[in-house]
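**Q** One structure, as structure tokens, below. Some questions next.
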Amino acid sequence: MPNRELTHAGCVVFRPEGSKTLFLVVSSKHDKHWVLPKGKIDTKDRTIEDAALRELKEEAGVEGKIIRPISIRAFTQKDRQIAVQYYIVEYKGETTPMEDRTVRWETADVALDLISFDETKNAFLEALDIIRSWS
């Protein structure tokens, strides 16, 4: 993917809760799908990491710390080429979201079942493999 320009940044967000690890999923803009927080990289963003964390705050009202990037996910949407840099993000707190989305914290299996799109599922699975390797 080195020739494809990044257009979006997104997050696979996790938080420990007791003996479990929960993952963040959000509704799409029109509540038809479950997705990971992501959005367009803005010219005001200093870095791609800033874009990912900004989208996380706007869509979910969640603040986090980037742990590491995962693979870039590319797909076509309405005749546009989209290239998303996802990051594994550790939950750090909450703020007021700017968008009206439904936010859910779920176990890995439930989150995976909810996620609507294959490219998003693949990003989630990659992040999950990495997170599980830490324990």
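Order determines the names: the first chain of the structure tokens is A, the second B, and so forth; residues in each chain are numbered 1 upward, and ligands are numbered 1 upward as they are shown.
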Which polymer residues have any atom within 10 Å of an atom of Ile67 (chain A), counting only C-alpha atoms, with same-chain residues fewer than 6 positions away left out, as number ranges by chain?
**A** A: 13, 87-90
**Q** What residues in chain A get the DSSP label alpha helix (DSSP H)? Please answer as number ranges by chain.
**A** A: 48-60, 108-114, 118-133
**Q** One number please: CA of Ile48 (chain A) to CA of Phe117 (chain A), in Å, one decimal.
**A**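 Interatomic distance, CA of Ile48 (chain A) to CA of Phe117 (chain A): 22.2 Å.
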**Q** Could you give me, as an MDAnalysis selection string, the residues within 10 Å of Met98 (chain A), counting only C-alpha atoms and dropping anything in the same chain fewer than 3 positions from it?
**A** chainID A and resid 55 57:61 95 101
**Q** Can you list, as a list of chain:residue names, every protein, DNA or RNA residue that comes within 10 Å of region 40-43 of chain A when you count only C-alpha atoms, leaving out same-chain residues fewer than 2 positions away?
**A**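 Selected residues are A:Leu6, A:Thr7, A:His8, A:Ala9, A:Gly10, A:Lys38, A:Asp45, A:Arg46, A:Thr47, A:Ile48, A:Glu49, A:Asp50, A:Ala51, A:Ala52, A:Arg54, A:Glu55, A:Ile82, A:Ala83, A:Val84, A:Gln85.
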**Q** Take the residues from that selection and put them in a file with all heavy atoms, as a short mmCIF file (atom, residue, chain, number, x, y, z; two decimals), in the first residue's frame.
**A**
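Result file is out-v3.cif:
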```cif
data_model
loop_
_atom_site.label_atom_id
_atom_site.label_comp_id
_atom_site.auth_asym_id
_atom_site.auth_seq_id
_atom_site.Cartn_x
_atom_site.Cartn_y
_atom_site.Cartn_z
N LEU A 6 -3.03 8.09 2.46
CA LEU A 6 -3.99 7.93 3.56
C LEU A 6 -5.07 9.00 3.47
O LEU A 6 -4.77 10.17 3.24
CB LEU A 6 -3.27 8.05 4.91
CG LEU A 6 -2.36 6.91 5.29
CD1 LEU A 6 -1.63 7.23 6.59
CD2 LEU A 6 -3.13 5.62 5.43
N THR A 7 -6.30 8.57 3.66
CA THR A 7 -7.42 9.51 3.63
C THR A 7 -8.14 9.60 4.98
O THR A 7 -8.76 10.61 5.27
CB THR A 7 -8.46 9.10 2.57
OG1 THR A 7 -8.93 7.77 2.87
CG2 THR A 7 -7.86 9.14 1.17
N HIS A 8 -8.05 8.52 5.78
CA HIS A 8 -8.79 8.44 7.03
C HIS A 8 -7.89 7.87 8.14
O HIS A 8 -6.90 7.19 7.86
CB HIS A 8 -10.00 7.52 6.88
CG HIS A 8 -11.08 8.08 6.01
ND1 HIS A 8 -10.92 8.30 4.67
CD2 HIS A 8 -12.34 8.46 6.31
CE1 HIS A 8 -12.03 8.80 4.17
NE2 HIS A 8 -12.92 8.91 5.15
N ALA A 9 -8.31 8.13 9.38
CA ALA A 9 -7.63 7.56 10.55
C ALA A 9 -8.70 7.03 11.49
O ALA A 9 -9.78 7.62 11.61
CB ALA A 9 -6.79 8.62 11.25
N GLY A 10 -8.40 5.91 12.14
CA GLY A 10 -9.39 5.31 13.02
C GLY A 10 -8.76 4.61 14.21
O GLY A 10 -7.54 4.51 14.32
N LYS A 38 -13.72 6.36 13.18
CA LYS A 38 -12.77 6.75 12.14
C LYS A 38 -13.34 7.91 11.36
O LYS A 38 -14.55 8.15 11.38
CB LYS A 38 -12.42 5.60 11.23
CG LYS A 38 -13.41 5.31 10.13
CD LYS A 38 -12.83 4.34 9.13
CE LYS A 38 -13.68 4.12 7.92
NZ LYS A 38 -15.11 4.07 8.08
N ASP A 45 -5.27 18.74 11.29
CA ASP A 45 -4.61 17.72 12.11
C ASP A 45 -3.11 17.79 11.88
O ASP A 45 -2.64 17.75 10.74
CB ASP A 45 -5.12 16.31 11.73
CG ASP A 45 -6.59 16.12 12.00
OD1 ASP A 45 -7.05 16.54 13.09
OD2 ASP A 45 -7.29 15.54 11.14
N ARG A 46 -2.36 17.89 12.97
CA ARG A 46 -0.90 17.94 12.86
C ARG A 46 -0.33 16.61 12.39
O ARG A 46 0.64 16.57 11.65
CB ARG A 46 -0.27 18.31 14.20
CG ARG A 46 -0.52 19.73 14.64
CD ARG A 46 0.25 20.06 15.90
NE ARG A 46 0.52 18.86 16.69
CZ ARG A 46 0.17 18.68 17.95
NH1 ARG A 46 -0.43 19.62 18.61
NH2 ARG A 46 0.46 17.56 18.58
N THR A 47 -0.94 15.52 12.87
CA THR A 47 -0.46 14.18 12.52
C THR A 47 -1.66 13.27 12.26
O THR A 47 -2.80 13.61 12.60
CB THR A 47 0.38 13.57 13.67
OG1 THR A 47 -0.50 13.38 14.80
CG2 THR A 47 1.55 14.46 14.06
N ILE A 48 -1.39 12.11 11.71
CA ILE A 48 -2.44 11.12 11.51
C ILE A 48 -2.96 10.64 12.86
O ILE A 48 -4.16 10.41 13.04
CB ILE A 48 -1.91 9.96 10.65
CG1 ILE A 48 -1.51 10.50 9.28
CG2 ILE A 48 -2.97 8.87 10.50
CD1 ILE A 48 -0.66 9.57 8.47
N GLU A 49 -2.07 10.54 13.84
CA GLU A 49 -2.48 10.16 15.19
C GLU A 49 -3.47 11.17 15.77
O GLU A 49 -4.46 10.80 16.40
CB GLU A 49 -1.26 10.03 16.12
CG GLU A 49 -0.35 8.87 15.79
CD GLU A 49 0.73 9.21 14.77
OE1 GLU A 49 0.67 10.28 14.10
OE2 GLU A 49 1.65 8.39 14.61
N ASP A 50 -3.20 12.46 15.54
CA ASP A 50 -4.12 13.51 16.00
C ASP A 50 -5.50 13.34 15.35
O ASP A 50 -6.53 13.53 16.01
CB ASP A 50 -3.58 14.90 15.66
CG ASP A 50 -2.43 15.34 16.54
OD1 ASP A 50 -2.17 14.70 17.57
OD2 ASP A 50 -1.76 16.33 16.17
N ALA A 51 -5.52 12.99 14.07
CA ALA A 51 -6.80 12.79 13.38
C ALA A 51 -7.57 11.63 14.00
O ALA A 51 -8.78 11.74 14.22
CB ALA A 51 -6.54 12.52 11.89
N ALA A 52 -6.88 10.53 14.31
CA ALA A 52 -7.55 9.37 14.91
C ALA A 52 -8.15 9.73 16.27
O ALA A 52 -9.30 9.41 16.56
CB ALA A 52 -6.55 8.22 15.05
N ARG A 54 -8.90 12.72 17.41
CA ARG A 54 -9.96 13.72 17.22
C ARG A 54 -11.27 13.02 16.84
O ARG A 54 -12.33 13.32 17.40
CB ARG A 54 -9.57 14.73 16.13
CG ARG A 54 -10.68 15.72 15.81
CD ARG A 54 -10.31 16.67 14.66
NE ARG A 54 -9.82 16.01 13.48
CZ ARG A 54 -10.58 15.36 12.58
NH1 ARG A 54 -11.89 15.27 12.76
NH2 ARG A 54 -10.04 14.80 11.51
N GLU A 55 -11.19 12.10 15.91
CA GLU A 55 -12.39 11.36 15.50
C GLU A 55 -12.97 10.57 16.66
O GLU A 55 -14.19 10.49 16.82
CB GLU A 55 -12.08 10.44 14.31
CG GLU A 55 -11.89 11.16 13.01
CD GLU A 55 -13.14 11.84 12.49
OE1 GLU A 55 -14.27 11.41 12.83
OE2 GLU A 55 -13.01 12.81 11.72
N ILE A 82 -10.43 4.74 -0.43
CA ILE A 82 -10.27 5.09 0.98
C ILE A 82 -9.10 4.29 1.52
O ILE A 82 -9.00 3.08 1.27
CB ILE A 82 -11.54 4.75 1.79
CG1 ILE A 82 -12.79 5.38 1.17
CG2 ILE A 82 -11.37 5.11 3.25
CD1 ILE A 82 -12.87 6.86 1.22
N ALA A 83 -8.22 4.93 2.25
CA ALA A 83 -7.11 4.26 2.92
C ALA A 83 -7.10 4.72 4.37
O ALA A 83 -6.92 5.90 4.65
CB ALA A 83 -5.78 4.57 2.24
N VAL A 84 -7.32 3.77 5.29
CA VAL A 84 -7.47 4.09 6.71
C VAL A 84 -6.27 3.57 7.50
O VAL A 84 -5.96 2.37 7.43
CB VAL A 84 -8.75 3.45 7.30
CG1 VAL A 84 -8.94 3.86 8.76
CG2 VAL A 84 -9.97 3.79 6.48
N GLN A 85 -5.64 4.45 8.25
CA GLN A 85 -4.63 4.03 9.22
C GLN A 85 -5.34 3.87 10.55
O GLN A 85 -5.84 4.84 11.12
CB GLN A 85 -3.51 5.06 9.35
CG GLN A 85 -2.51 4.74 10.44
CD GLN A 85 -1.74 3.45 10.15
OE1 GLN A 85 -0.92 3.42 9.25
NE2 GLN A 85 -2.03 2.39 10.89
#
```
**Q** Could you name the residues that touch Lys20 (chain A) at 12 Å or less, counting only C-alpha atoms, but leaving out those on the same chain fewer than 5 positions away, as a ChimeraX atom specification?
**A** /A:14-15,105-109,132
**Q** Just the number, please: distance in Å from CA of Ser135 (chain A) to CA of Lys121 (chain A), one decimal.
**A**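 Separation of CA of Ser135 (chain A) and CA of Lys121 (chain A): 21.8 Å.
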**Q** If we count only C-alpha atoms and set the cut-off at 12 Å, which residues sit around Asp118 (chain A), ignoring sequence neighbours fewer than 6 positions away in its own chain? Please answer as a PyMOL selection string.
**A** chain A and resi 34-36+73-75+112+124-125
**Q** Check the smallest atom-to-atom distance from each of A:Ile66, A:Leu114, A:Val103, A:Ala123 to His33 (chain A) using only C-alpha atoms, then report the winner.
**A**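 When distances to His33 (chain A) are compared using only C-alpha atoms, the smallest one comes from A:Leu114.
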